[in-house]
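Report on the following structure.
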Amino acid sequence: MTLAVETTELKVQLQLADEWFTVCDLSTLVPGRGVAALLPDGRQVALFRDRAGRLYAVDNRDPFTGAAVLSRGLTGTHRGRPFVASPLLKQRFDLATGECLDDASVRVAAYEVRALQVS
């Protein structure tokens with residue numbers, strides 16, 4: 001038996017420079033889990049959907065180790081701020097701003113993200 005991934009007309013898009021880039025179908029994002037995607041310039045982005053349906057996107061590269069692993073991190077909230085914790089050294093990154101909650105001098109890029117009906 002073959003299972004097909006459910007698709008919708010809602011696509012996840014990231015703001016890159018002056019244009020929106022379509023990354024994936026919204027149904028690909030499972031609340032509380034991350035997904036890595038490759039950008040046109042070769043960088044990786046980690047996409048997240050929280051249980052309330054809000055979308056977030058940050059660089060997938062952990063600045064402390066250089067490994068592209070943030071999409072595999074654990075998500076949570078700290079004082080109302082959504083974060084992803086790196087699966088390697090456990091530093092937490094604010095999903096909205098990219099700021100490291102454990103070391104204010106470190107951050108990852110955060111992207112504006114939206115779900116848009118594409119026909």
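Identifiers in this document derive from the order of the structure tokens: chains are assigned A, B, ..., residues are numbered from 1 separately in each chain, and ligands are numbered from 1 in order of occurrence.
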For A:Asp102, find every residue with an atom within 9 Å (counting only C-alpha atoms), except residues of its own chain fewer than 2 positions away, and show them as a PyMOL selection string. chain A and resi 91-93+99-100+104+106
Nearby residues (only C-alpha atoms) at most 8 Å from A:Gln44, same-chain spacing under 2 positions excluded, as a list in words: Ala36, Ala37, Leu38, Leu39, Gly42, Ala46, Asp59, Asn60, Arg61 and Ala68 of chain A
Got time to write the residues from that selection, C-alpha atoms, as a compact mmCIF listing (two decimals), in the first residue's frame?
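Output (again.txt):
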# COMPACT_ATOMS: atom_id res chain seq x y z
CA ALA A 36 14.41 21.75 7.12
CA ALA A 37 14.25 23.33 3.68
CA LEU A 38 16.90 24.41 1.20
CA LEU A 39 16.84 28.03 0.04
CA GLY A 42 22.12 27.10 -0.63
CA ALA A 46 14.16 25.45 9.85
CA ASP A 59 18.31 29.48 10.04
CA ASN A 60 18.80 25.75 10.46
CA ARG A 61 22.50 26.13 11.37
CA ALA A 68 22.48 22.17 10.46
Give me every strand (DSSP E or B) residue in stretch 15-112 of chain A, going by DSSP on the backbone, as number ranges by chain. A: 15-16, 19-25, 34-38, 44-49, 55-59, 61, 68, 74-78, 81-85, 92-94, 99-100, 107, 110-111
Pull the helix (DSSP H, G or I) assignments for chain A out of DSSP run on the backbone, and list those residues as a PyMOL selection string. chain A and resi 26-28+70-72
Using only C-alpha atoms, which protein or nucleic acid residues come within 10 Å of A:Thr97? Drop anything in the same chain fewer than 5 positions from it, and give the result as a VMD selection string. chain A and resid 56 to 58 81 to 83 107 to 112
Under the rule that only C-alpha atoms are counted, which of A:Val118, A:Leu47, A:Ala85, A:Ala67 is the nearest residue to A:Leu14?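 Of A:Val118, A:Leu47, A:Ala85, A:Ala67, the one nearest A:Leu14 is A:Leu47, counting only C-alpha atoms.
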Surrounding residues of A:Arg49 excluding itself and chain neighbours under 6 positions, 8 Å, only C-alpha atoms, as a VMD selection string: chain A and resid 29 to 34 55 to 56
Between atom CA of A:Pro63 and atom CA of A:Val35, distance in Å (one decimal):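 Taking atom CA of A:Pro63 as the start and atom CA of A:Val35 as the end point, the length is 18.0 Å.
If you count only C-alpha atoms and ignore residues fewer than 2 places along the chain from A:Gln117, what sits within 7 Å of it is Glu9, Leu10, Lys11, Ala115 and Ser119 of chain A.
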